[in-house]
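What follows is a short report on a single structure.
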Amino acid sequence: MKLGMVGCGRMGKSLAIGAIEAGAVEAKNFLAHDVRPEAVEELTAESGIQAATNLNQLVTSCDVLLLCTKPDDAHEVLREVASSGTDENSLLIISIAAGLTVRTIEQYVLNHARVIRAMPNTPALVGKGAAAYTLGTAATPADGEIAEKLLGSVGSVVQVKEKLMDVVTGLSGSGPGYVYLFIEALADGGVRNGLPREQALQLATQTVLGAASMVQASGLHPAVLKDMVTSPGGTTIAGLSTLESEGFRSACIQAVTAATERSKELGKG
Ligand SMILES: NC(=O)c1ccc[n+]([C@@H]2O[C@H](COP(=O)([O-])OP(=O)(O)OC[C@H]3O[C@@H](n4cnc5c(N)ncnc54)[C@H](OP(=O)(O)O)[C@@H]3O)[C@@H](O)[C@H]2O)c1
């Protein structure tokens with residue numbers, strides 16, 4: 001498989017390096033292009049990926065094109081794909097451009113390329129991403145496996161119907177922001193009660209990381225794990241009952257709902 005990537009910014013770079021490190025693709029079979037030559041140079045120096053001469057060379061010499069520009073810049077790339085003379089549907093495009101629908105992408109490239117729309121999140125930068133993808137009209141289950149392999153190299157990945165991509169944006173796309181706020185708030189609680197700031201932040205961060213790892217490693221429902229650490233009349237139930245009376249659970253649900261609605265609005269342009 002020959003892989004091409006257009007847009008070597010933060011997200012593209014982490015996907016590319018993750019895919020190579022995970023063995024999903026060999027650097028010698030990976031071409032990259034960016035309007036900023038320094039972005040390509042940085043990536044090639046770090047990963048052994050080859051630099052494409054231009055966008056046309058990239059498009060015509062790869063089997064899979066990772067579209068990693070900003071959504072507004074993607075239109076120009078898609079026009080190039082449409083005019084590049086690629087054989088019918090011989091190219092698979094995996095777009096990570098937020099809000100760019102399968103329909104919009106296919107308006108440019110239908111009959112030239114198969115399309116997958118994906119939504120990664122920023123922890124992909126440290127190999128701990130959570131991504132979702134949806135298949136375009138001409139994409140095959142084998143294309144889905146390629147997307148799973150690439151996105152899975154920087155975290156976990158699920159396949160969803162396209163109408164759920166806004167929910168994905170509201171949950172895992174925006175979720176890191178919610179969790180940063182939670183970590184900061186936990187640390188503030190520690191400081192409020194006398195812990196030095198640095199230690200409070202270290203303890204809060206590790207607590208969130210550790211609890212998330214427990215959910216993943218045990219396979220148990222979070223409610224079961226919560227019950228296991230909640231002794232009668234103890235400290236944890238005192239904290240939990242305060243979170244419930246202050247509306248923590250409801251605030252989380254409403255945050256995901258608000259972000260989902262906002263994603264829908266933005267998608268309408
Ligand atoms: N970062 C995130 O949290 C995140 C999460 C989910 C999805 N995404 C999606 O991932 C995509 C990339 O995000 P990012 O944060 O990595 O953006 P970024 O750092 O701005 O990277 C995009 C790169 O593409 C270059 N570019 C622009 N037009 C181009 C063209 N026609 N041909 C080749 N290269 C071109 C840009 O150059 P210039 O800087 O000169 O324009 C830039 O180097 C976006 O569509 C975003 O919606 C990002």
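Here's how to read the names in the structure tokens: chain A, B, ... by the order shown, residue numbers from 1 in each chain, ligand numbers from 1 in the order shown.
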
Could you pull out the alpha helix (DSSP H) residues of range 27-188 of chain A from DSSP and send them as a PyMOL selection string?
-> chain A and resi 37-47+55-61+71-83+102-109+141-152+165-168+175-188

Compute the set of protein, DNA and RNA residues whose minimum atom distance to ligand 1 is at most 9 Å, using only C-alpha atoms and all ligand atoms, and state it as a PDB file with N, CA, C and O atoms, in the first residue's frame.
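For reference, part06.pdb as written:
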```pdb
ATOM      1  N   MET A   5       0.082  11.769   2.207  1.00  0.00           N
ATOM      2  CA  MET A   5      -0.573  12.657   3.169  1.00  0.00           C
ATOM      3  C   MET A   5      -0.431  14.092   2.706  1.00  0.00           C
ATOM      4  O   MET A   5       0.671  14.535   2.382  1.00  0.00           O
ATOM      5  N   VAL A   6      -1.549  14.800   2.674  1.00  0.00           N
ATOM      6  CA  VAL A   6      -1.487  16.215   2.342  1.00  0.00           C
ATOM      7  C   VAL A   6      -1.896  17.003   3.588  1.00  0.00           C
ATOM      8  O   VAL A   6      -2.949  16.760   4.164  1.00  0.00           O
ATOM      9  N   GLY A   7      -0.995  17.915   4.000  1.00  0.00           N
ATOM     10  CA  GLY A   7      -1.186  18.648   5.247  1.00  0.00           C
ATOM     11  C   GLY A   7      -0.393  17.980   6.344  1.00  0.00           C
ATOM     12  O   GLY A   7      -0.804  16.953   6.887  1.00  0.00           O
ATOM     13  N   CYS A   8       0.797  18.548   6.620  1.00  0.00           N
ATOM     14  CA  CYS A   8       1.685  17.926   7.629  1.00  0.00           C
ATOM     15  C   CYS A   8       1.683  18.734   8.917  1.00  0.00           C
ATOM     16  O   CYS A   8       2.740  19.010   9.501  1.00  0.00           O
ATOM     17  N   GLY A   9       0.507  19.166   9.348  1.00  0.00           N
ATOM     18  CA  GLY A   9       0.398  19.916  10.608  1.00  0.00           C
ATOM     19  C   GLY A   9       0.427  18.970  11.797  1.00  0.00           C
ATOM     20  O   GLY A   9       0.868  17.821  11.690  1.00  0.00           O
ATOM     21  N   ARG A  10      -0.098  19.459  12.896  1.00  0.00           N
ATOM     22  CA  ARG A  10      -0.003  18.687  14.151  1.00  0.00           C
ATOM     23  C   ARG A  10      -0.682  17.324  14.037  1.00  0.00           C
ATOM     24  O   ARG A  10      -0.122  16.290  14.404  1.00  0.00           O
ATOM     25  N   MET A  11      -1.900  17.318  13.495  1.00  0.00           N
ATOM     26  CA  MET A  11      -2.648  16.062  13.470  1.00  0.00           C
ATOM     27  C   MET A  11      -2.094  15.113  12.411  1.00  0.00           C
ATOM     28  O   MET A  11      -1.933  13.915  12.667  1.00  0.00           O
ATOM     29  N   GLY A  12      -1.779  15.657  11.219  1.00  0.00           N
ATOM     30  CA  GLY A  12      -1.227  14.820  10.157  1.00  0.00           C
ATOM     31  C   GLY A  12       0.076  14.181  10.594  1.00  0.00           C
ATOM     32  O   GLY A  12       0.295  12.972  10.409  1.00  0.00           O
ATOM     33  N   LYS A  13       0.933  14.995  11.198  1.00  0.00           N
ATOM     34  CA  LYS A  13       2.243  14.502  11.624  1.00  0.00           C
ATOM     35  C   LYS A  13       2.102  13.375  12.659  1.00  0.00           C
ATOM     36  O   LYS A  13       2.778  12.346  12.579  1.00  0.00           O
ATOM     37  N   SER A  14       1.205  13.554  13.606  1.00  0.00           N
ATOM     38  CA  SER A  14       1.097  12.506  14.626  1.00  0.00           C
ATOM     39  C   SER A  14       0.506  11.226  14.047  1.00  0.00           C
ATOM     40  O   SER A  14       0.919  10.121  14.414  1.00  0.00           O
ATOM     41  N   ALA A  32       4.589  12.634   1.449  1.00  0.00           N
ATOM     42  CA  ALA A  32       3.863  13.722   2.101  1.00  0.00           C
ATOM     43  C   ALA A  32       4.029  15.026   1.329  1.00  0.00           C
ATOM     44  O   ALA A  32       5.044  15.248   0.667  1.00  0.00           O
ATOM     45  N   HIS A  33       3.006  15.864   1.449  1.00  0.00           N
ATOM     46  CA  HIS A  33       3.056  17.183   0.810  1.00  0.00           C
ATOM     47  C   HIS A  33       2.383  18.215   1.708  1.00  0.00           C
ATOM     48  O   HIS A  33       1.397  17.917   2.383  1.00  0.00           O
ATOM     49  N   ASP A  34       2.947  19.420   1.696  1.00  0.00           N
ATOM     50  CA  ASP A  34       2.356  20.533   2.439  1.00  0.00           C
ATOM     51  C   ASP A  34       2.751  21.817   1.716  1.00  0.00           C
ATOM     52  O   ASP A  34       3.811  21.871   1.093  1.00  0.00           O
ATOM     53  N   VAL A  35       1.885  22.814   1.778  1.00  0.00           N
ATOM     54  CA  VAL A  35       2.248  24.096   1.157  1.00  0.00           C
ATOM     55  C   VAL A  35       3.433  24.740   1.882  1.00  0.00           C
ATOM     56  O   VAL A  35       4.099  25.608   1.332  1.00  0.00           O
ATOM     57  N   ARG A  36       3.678  24.299   3.113  1.00  0.00           N
ATOM     58  CA  ARG A  36       4.843  24.817   3.861  1.00  0.00           C
ATOM     59  C   ARG A  36       5.963  23.788   3.754  1.00  0.00           C
ATOM     60  O   ARG A  36       5.924  22.744   4.420  1.00  0.00           O
ATOM     61  N   PRO A  37       6.997  24.063   2.916  1.00  0.00           N
ATOM     62  CA  PRO A  37       8.066  23.070   2.742  1.00  0.00           C
ATOM     63  C   PRO A  37       8.724  22.679   4.067  1.00  0.00           C
ATOM     64  O   PRO A  37       9.114  21.528   4.267  1.00  0.00           O
ATOM     65  N   GLU A  38       8.790  23.635   4.995  1.00  0.00           N
ATOM     66  CA  GLU A  38       9.457  23.328   6.280  1.00  0.00           C
ATOM     67  C   GLU A  38       8.686  22.264   7.066  1.00  0.00           C
ATOM     68  O   GLU A  38       9.288  21.480   7.817  1.00  0.00           O
ATOM     69  N   ALA A  39       7.363  22.222   6.879  1.00  0.00           N
ATOM     70  CA  ALA A  39       6.567  21.203   7.582  1.00  0.00           C
ATOM     71  C   ALA A  39       6.904  19.815   7.046  1.00  0.00           C
ATOM     72  O   ALA A  39       7.016  18.842   7.805  1.00  0.00           O
ATOM     73  N   VAL A  40       7.099  19.725   5.712  1.00  0.00           N
ATOM     74  CA  VAL A  40       7.448  18.428   5.109  1.00  0.00           C
ATOM     75  C   VAL A  40       8.870  18.039   5.530  1.00  0.00           C
ATOM     76  O   VAL A  40       9.117  16.885   5.906  1.00  0.00           O
ATOM     77  N   ASN A  54       4.991  17.567  -5.709  1.00  0.00           N
ATOM     78  CA  ASN A  54       3.834  18.471  -5.651  1.00  0.00           C
ATOM     79  C   ASN A  54       2.583  17.626  -5.371  1.00  0.00           C
ATOM     80  O   ASN A  54       2.664  16.398  -5.276  1.00  0.00           O
ATOM     81  N   LEU A  55       1.458  18.311  -5.283  1.00  0.00           N
ATOM     82  CA  LEU A  55       0.226  17.611  -4.931  1.00  0.00           C
ATOM     83  C   LEU A  55      -0.165  16.589  -5.990  1.00  0.00           C
ATOM     84  O   LEU A  55      -0.614  15.488  -5.671  1.00  0.00           O
ATOM     85  N   LEU A  67      -6.139  13.076   4.028  1.00  0.00           N
ATOM     86  CA  LEU A  67      -6.409  14.499   3.837  1.00  0.00           C
ATOM     87  C   LEU A  67      -6.393  15.177   5.202  1.00  0.00           C
ATOM     88  O   LEU A  67      -7.323  15.033   5.998  1.00  0.00           O
ATOM     89  N   CYS A  68      -5.301  15.893   5.472  1.00  0.00           N
ATOM     90  CA  CYS A  68      -5.084  16.441   6.817  1.00  0.00           C
ATOM     91  C   CYS A  68      -4.884  17.955   6.808  1.00  0.00           C
ATOM     92  O   CYS A  68      -4.198  18.496   7.674  1.00  0.00           O
ATOM     93  N   THR A  69      -5.464  18.633   5.824  1.00  0.00           N
ATOM     94  CA  THR A  69      -5.436  20.096   5.853  1.00  0.00           C
ATOM     95  C   THR A  69      -6.621  20.580   6.682  1.00  0.00           C
ATOM     96  O   THR A  69      -7.499  19.794   7.038  1.00  0.00           O
ATOM     97  N   LYS A  70      -6.665  21.882   6.923  1.00  0.00           N
ATOM     98  CA  LYS A  70      -7.843  22.478   7.561  1.00  0.00           C
ATOM     99  C   LYS A  70      -9.024  22.321   6.586  1.00  0.00           C
ATOM    100  O   LYS A  70      -8.820  22.260   5.365  1.00  0.00           O
ATOM    101  N   PRO A  71     -10.255  22.253   7.105  1.00  0.00           N
ATOM    102  CA  PRO A  71     -11.411  22.022   6.226  1.00  0.00           C
ATOM    103  C   PRO A  71     -11.463  22.996   5.043  1.00  0.00           C
ATOM    104  O   PRO A  71     -11.709  22.574   3.912  1.00  0.00           O
ATOM    105  N   ASP A  72     -11.209  24.288   5.277  1.00  0.00           N
ATOM    106  CA  ASP A  72     -11.300  25.269   4.176  1.00  0.00           C
ATOM    107  C   ASP A  72     -10.284  24.991   3.082  1.00  0.00           C
ATOM    108  O   ASP A  72     -10.541  25.263   1.905  1.00  0.00           O
ATOM    109  N   ASP A  73      -9.119  24.473   3.457  1.00  0.00           N
ATOM    110  CA  ASP A  73      -8.062  24.216   2.463  1.00  0.00           C
ATOM    111  C   ASP A  73      -8.297  22.900   1.713  1.00  0.00           C
ATOM    112  O   ASP A  73      -7.653  22.638   0.704  1.00  0.00           O
ATOM    113  N   ALA A  74      -9.201  22.077   2.237  1.00  0.00           N
ATOM    114  CA  ALA A  74      -9.417  20.751   1.631  1.00  0.00           C
ATOM    115  C   ALA A  74     -10.046  20.852   0.241  1.00  0.00           C
ATOM    116  O   ALA A  74      -9.796  20.009  -0.612  1.00  0.00           O
ATOM    117  N   HIS A  75     -10.834  21.906   0.018  1.00  0.00           N
ATOM    118  CA  HIS A  75     -11.527  22.036  -1.275  1.00  0.00           C
ATOM    119  C   HIS A  75     -10.533  22.078  -2.439  1.00  0.00           C
ATOM    120  O   HIS A  75     -10.727  21.416  -3.454  1.00  0.00           O
ATOM    121  N   GLU A  76      -9.458  22.848  -2.234  1.00  0.00           N
ATOM    122  CA  GLU A  76      -8.437  22.964  -3.283  1.00  0.00           C
ATOM    123  C   GLU A  76      -7.798  21.595  -3.560  1.00  0.00           C
ATOM    124  O   GLU A  76      -7.574  21.214  -4.712  1.00  0.00           O
ATOM    125  N   VAL A  77      -7.540  20.847  -2.488  1.00  0.00           N
ATOM    126  CA  VAL A  77      -6.934  19.519  -2.639  1.00  0.00           C
ATOM    127  C   VAL A  77      -7.885  18.595  -3.393  1.00  0.00           C
ATOM    128  O   VAL A  77      -7.482  17.853  -4.297  1.00  0.00           O
ATOM    129  N   SER A  95     -10.359  11.450   5.002  1.00  0.00           N
ATOM    130  CA  SER A  95     -10.332  12.861   5.397  1.00  0.00           C
ATOM    131  C   SER A  95     -10.530  12.984   6.900  1.00  0.00           C
ATOM    132  O   SER A  95     -11.443  12.382   7.460  1.00  0.00           O
ATOM    133  N   ILE A  96      -9.690  13.811   7.531  1.00  0.00           N
ATOM    134  CA  ILE A  96      -9.893  14.079   8.966  1.00  0.00           C
ATOM    135  C   ILE A  96     -10.372  15.517   9.170  1.00  0.00           C
ATOM    136  O   ILE A  96     -10.395  16.022  10.295  1.00  0.00           O
ATOM    137  N   ALA A  97     -10.732  16.191   8.064  1.00  0.00           N
ATOM    138  CA  ALA A  97     -11.145  17.598   8.159  1.00  0.00           C
ATOM    139  C   ALA A  97     -12.479  17.710   8.899  1.00  0.00           C
ATOM    140  O   ALA A  97     -13.495  17.184   8.426  1.00  0.00           O
ATOM    141  N   ALA A  98     -12.471  18.399  10.022  1.00  0.00           N
ATOM    142  CA  ALA A  98     -13.673  18.478  10.864  1.00  0.00           C
ATOM    143  C   ALA A  98     -14.833  19.110  10.110  1.00  0.00           C
ATOM    144  O   ALA A  98     -14.669  20.145   9.453  1.00  0.00           O
ATOM    145  N   GLY A  99     -15.983  18.477  10.189  1.00  0.00           N
ATOM    146  CA  GLY A  99     -17.199  19.054   9.619  1.00  0.00           C
ATOM    147  C   GLY A  99     -17.362  18.847   8.119  1.00  0.00           C
ATOM    148  O   GLY A  99     -18.436  19.106   7.579  1.00  0.00           O
ATOM    149  N   LEU A 100     -16.333  18.407   7.435  1.00  0.00           N
ATOM    150  CA  LEU A 100     -16.427  18.208   5.972  1.00  0.00           C
ATOM    151  C   LEU A 100     -17.138  16.877   5.723  1.00  0.00           C
ATOM    152  O   LEU A 100     -16.594  15.806   6.028  1.00  0.00           O
ATOM    153  N   ALA A 118     -13.200  10.761   8.800  1.00  0.00           N
ATOM    154  CA  ALA A 118     -12.782  10.345  10.152  1.00  0.00           C
ATOM    155  C   ALA A 118     -12.701  11.546  11.082  1.00  0.00           C
ATOM    156  O   ALA A 118     -12.569  12.689  10.638  1.00  0.00           O
ATOM    157  N   MET A 119     -12.791  11.282  12.362  1.00  0.00           N
ATOM    158  CA  MET A 119     -12.677  12.342  13.373  1.00  0.00           C
ATOM    159  C   MET A 119     -11.765  11.853  14.492  1.00  0.00           C
ATOM    160  O   MET A 119     -12.187  11.100  15.370  1.00  0.00           O
ATOM    161  N   PRO A 120     -10.487  12.229  14.445  1.00  0.00           N
ATOM    162  CA  PRO A 120      -9.590  11.877  15.563  1.00  0.00           C
ATOM    163  C   PRO A 120      -9.695  12.931  16.669  1.00  0.00           C
ATOM    164  O   PRO A 120     -10.482  13.866  16.543  1.00  0.00           O
ATOM    165  N   ASN A 121      -8.971  12.778  17.747  1.00  0.00           N
ATOM    166  CA  ASN A 121      -8.892  13.867  18.737  1.00  0.00           C
ATOM    167  C   ASN A 121      -7.430  14.102  19.139  1.00  0.00           C
ATOM    168  O   ASN A 121      -6.547  13.316  18.779  1.00  0.00           O
ATOM    169  N   THR A 122      -7.194  15.208  19.838  1.00  0.00           N
ATOM    170  CA  THR A 122      -5.794  15.631  20.056  1.00  0.00           C
ATOM    171  C   THR A 122      -4.924  14.656  20.847  1.00  0.00           C
ATOM    172  O   THR A 122      -3.722  14.628  20.588  1.00  0.00           O
ATOM    173  N   PRO A 123      -5.436  13.848  21.777  1.00  0.00           N
ATOM    174  CA  PRO A 123      -4.528  12.896  22.427  1.00  0.00           C
ATOM    175  C   PRO A 123      -3.857  11.922  21.448  1.00  0.00           C
ATOM    176  O   PRO A 123      -2.932  11.193  21.828  1.00  0.00           O
ATOM    177  N   ALA A 124      -4.308  11.915  20.176  1.00  0.00           N
ATOM    178  CA  ALA A 124      -3.590  11.155  19.135  1.00  0.00           C
ATOM    179  C   ALA A 124      -2.130  11.617  19.078  1.00  0.00           C
ATOM    180  O   ALA A 124      -1.238  10.851  18.710  1.00  0.00           O
ATOM    181  N   LEU A 125      -1.893  12.866  19.470  1.00  0.00           N
ATOM    182  CA  LEU A 125      -0.525  13.407  19.444  1.00  0.00           C
ATOM    183  C   LEU A 125       0.396  12.636  20.380  1.00  0.00           C
ATOM    184  O   LEU A 125       1.615  12.632  20.198  1.00  0.00           O
ATOM    185  N   ALA A 131     -10.846   7.888  18.066  1.00  0.00           N
ATOM    186  CA  ALA A 131     -11.299   8.327  16.741  1.00  0.00           C
ATOM    187  C   ALA A 131     -12.515   7.544  16.299  1.00  0.00           C
ATOM    188  O   ALA A 131     -12.753   6.419  16.758  1.00  0.00           O
ATOM    189  N   THR A 169     -18.016  14.314  17.657  1.00  0.00           N
ATOM    190  CA  THR A 169     -17.340  15.601  17.870  1.00  0.00           C
ATOM    191  C   THR A 169     -17.644  16.138  19.274  1.00  0.00           C
ATOM    192  O   THR A 169     -16.759  16.635  19.960  1.00  0.00           O
ATOM    193  N   GLY A 173     -14.298  14.365  20.394  1.00  0.00           N
ATOM    194  CA  GLY A 173     -13.604  15.496  19.763  1.00  0.00           C
ATOM    195  C   GLY A 173     -13.392  16.627  20.760  1.00  0.00           C
ATOM    196  O   GLY A 173     -12.285  17.137  20.923  1.00  0.00           O
ATOM    197  N   SER A 174     -14.466  17.005  21.453  1.00  0.00           N
ATOM    198  CA  SER A 174     -14.386  18.104  22.421  1.00  0.00           C
ATOM    199  C   SER A 174     -14.030  17.611  23.818  1.00  0.00           C
ATOM    200  O   SER A 174     -13.656  18.416  24.680  1.00  0.00           O
TER     201      SER A 174
END
```

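Between Ala258 in chain A and the residues A:Asp166, A:Glu42, A:Asp143, A:Glu244, the shortest atom-to-atom distance, using only C-alpha atoms, involves A:Asp166.
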
Those in range 43-217 of chain A with strand (DSSP E) from DSSP, as a PyMOL selection string | chain A and resi 50-51+64-67+91-95+113-119+129-135+155-159

Contacts of Ile116 in chain A within 12 Å, only C-alpha atoms, excl. fewer than 6 positions in-chain, as a PyMOL selection string | chain A and resi 64-67+91-97+100-106+109+132-148+151+159-162

Quote the spacing between CA of Cys62 in chain A and CA of Val25 in chain A in Å to one decimal place.
-> 12.3 Å

In Å, how far is it from CA of Glu41 in chain A to CA of Glu26 in chain A?
-> 17.7 Å

Between CA of Phe30 in chain A and CA of Asp63 in chain A, what is the distance, to one decimal in Å?
-> 10.3 Å

Determine, counting only C-alpha atoms, which protein, DNA and RNA residues have an atom within 12 Å of an atom of Thr207 in chain A; residues of the same chain fewer than 2 positions away are not included. Present the result as a PyMOL selection string.
-> chain A and resi 179+182-184+186-187+200-205+209-214

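Each of A:Val157, A:Cys252, A:Leu195, A:Leu225 was checked against Lys128 in chain A using only C-alpha atoms; the smallest atom-to-atom distance is that of A:Val157.
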